[in-house]
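Chemist: Quick one: the structure is below, questions incoming.
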Amino acid sequence: MEHKETSLFDLIYAACKACGRGINRIICLLSRMIRLSWRKAYIVLPLLILGLAAGIYWTRPENRKYKVEAVLILNGPTEFDVAQALMPIEFAVDANMSETQNLQNLLQLEPGIARVTTLFEHFPVIDFRHDSVPDMIDYKRSHKRSDTLDIVMDNRIAVRFRTKNINSVPTVQQNLLQYLNSQPQIQAAFEAKKADIERFAEFCRVQTEVLDSFIVEFYFNQGTGSQNKVRPWSPGLVVGSREVQAMHNDMFELLERRKQVTHELSLMTAPVVLDSNFALNPEPVRNPHIWRILFMLAGWIAGAVLAWLIEDRKNILAWLRS
């Protein structure tokens, strides 16, 4: 018995042939459904209209969900600390299932607001330029934390949730910040970081004043005025340039660092603050037009199946009895 070897071309040809047969069967099925819908229009058309009505009802304005998100500034606590504190909120369940792990209890929300607020998520923030300014939110969580070029910011975290009630966003925002800022581990990290920043800010202030007074003394009291009094052949003549080594080689660098520290200290009003208020995406999570088409398609398929059952009921009963 001879064994024929199969080449890559044979496999590609077989796969294309199978795809062609599948497409041909789908076209035949669609043509049968269209002819059946024409013959049994009195059955298919009402279900099609019913599907459209269900789609319109499902995508009505009060039933639409919107994404709301913001970037949080972490003054002391790390991204991991805040992610751990957000875990009970992200896994919150209905109040009937758990008396403690629900949004009414965790965020102190009214039952009506908690019912329409769902799917809390957090995402890392990426700094591409290494300038401590957020550049991108990693929604896919695909960025490698070991990457030393694009840094995952440890003092920023993006938070997103979904809601049906647009007017409840400020309430959820305020209660979420209160919940995070009331966590003991977050408060401890904030107090430690604030004390360090205050000490460093005071150090920068003192060093700037010392350097400023030193420059005034050197230029106005020991500078050109003193050098003009030097005589060429008098004792103690200094040959060469007069230089003084300061503790800070670049004064402007010290001033820039002081400005950064002062700005950072001004933002440390709480352990977790908002970079900007929670913003609502005006595009609904479920596109109304697409979902209405899908409901119409479901109604048409249901009508075609019902029409087929009625038209071939004798064959179906005979098959069941055999």
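Residues in the structure tokens are named by chain (A, B, ... in the order shown) and by number from 1 within that chain; ligands are numbered from 1 in the order shown.
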How would you write, as a ChimeraX atom specification, the set of residues in stretch 100-203 of chain A that DSSP gives as alpha helix (DSSP H)?

Modeler: /A:103-106,111-116,169-181,184-203

Chemist: Within 9 Å of stretch 90-106 of chain A, which residues of stretch 110-229 of chain A come that close, and what is the closest atom pair and distance in Å for each? Count only C-alpha atoms and give it as a Markdown table.

Modeler:
```
| residue | atom | partner | partner_atom | distance |
| --- | --- | --- | --- | --- |
| A:Glu110 | CA | A:Gln104 | CA | 6.2 |
| A:Pro111 | CA | A:Gln104 | CA | 6.3 |
| A:Ile113 | CA | A:Gln104 | CA | 8.6 |
| A:Ala114 | CA | A:Leu103 | CA | 5.7 |
| A:Arg115 | CA | A:Asp94 | CA | 8.1 |
| A:Thr117 | CA | A:Leu103 | CA | 8.4 |
| A:Thr118 | CA | A:Glu90 | CA | 8.4 |
| A:Leu119 | CA | A:Glu90 | CA | 6.4 |
| A:Phe120 | CA | A:Glu90 | CA | 4.9 |
| A:Glu121 | CA | A:Glu90 | CA | 6.3 |
| A:His122 | CA | A:Glu90 | CA | 8.7 |
| A:Asn175 | CA | A:Leu106 | CA | 9.0 |
| A:Leu176 | CA | A:Leu106 | CA | 8.8 |
| A:Tyr179 | CA | A:Leu106 | CA | 7.2 |
```

Chemist: Calculated over only C-alpha atoms, which of the candidates A:Tyr42, A:Gln174, A:Ala83, A:Lys314 has the smallest distance to A:Leu107?

Modeler: A:Gln174

Chemist: Just the number, please: distance in Å from atom CA of A:Leu265 to atom CA of A:Asp147, one decimal.

Modeler: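 Pair atom CA of A:Leu265 / atom CA of A:Asp147 returns 28.8 Å.
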
Chemist: List the neighbours of A:Arg199 out to 12 Å using only C-alpha atoms; skip same-chain residues closer than 4 positions along the sequence, and give me the result as a list in words.

Modeler: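 Selected residues are Ala192, Lys193, Lys194, Ala195, Phe203, Cys204, Arg205, Val206, Arg258, Val261, Thr262 and Leu265 of chain A.
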
Chemist: Find the distance between atom CA of A:Ile290 and atom CA of A:Pro46 and write it in Å to one decimal.

Modeler: 20.3 Å

Chemist: As a PyMOL selection string, please: the residues near A:Ile56 (cut-off 12 Å, only C-alpha atoms, same-chain neighbours under 6 positions excluded).

Modeler: chain A and resi 49-50+62-64+287-296

Chemist: Can you work out which one of A:Tyr66, A:Phe200, A:Trp38, A:Trp58 has the shortest atom-to-atom distance to A:Glu264, counting only C-alpha atoms?

Modeler: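 Closest candidate: A:Phe200.
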
Chemist: Could you give me, as a ChimeraX atom specification, the residues within 10 Å of stretch 279-284 of chain A, counting only C-alpha atoms and dropping anything in the same chain fewer than 3 positions from it?

Modeler: /A:59,61,63-71,160-164,166,169-170,276,287-288
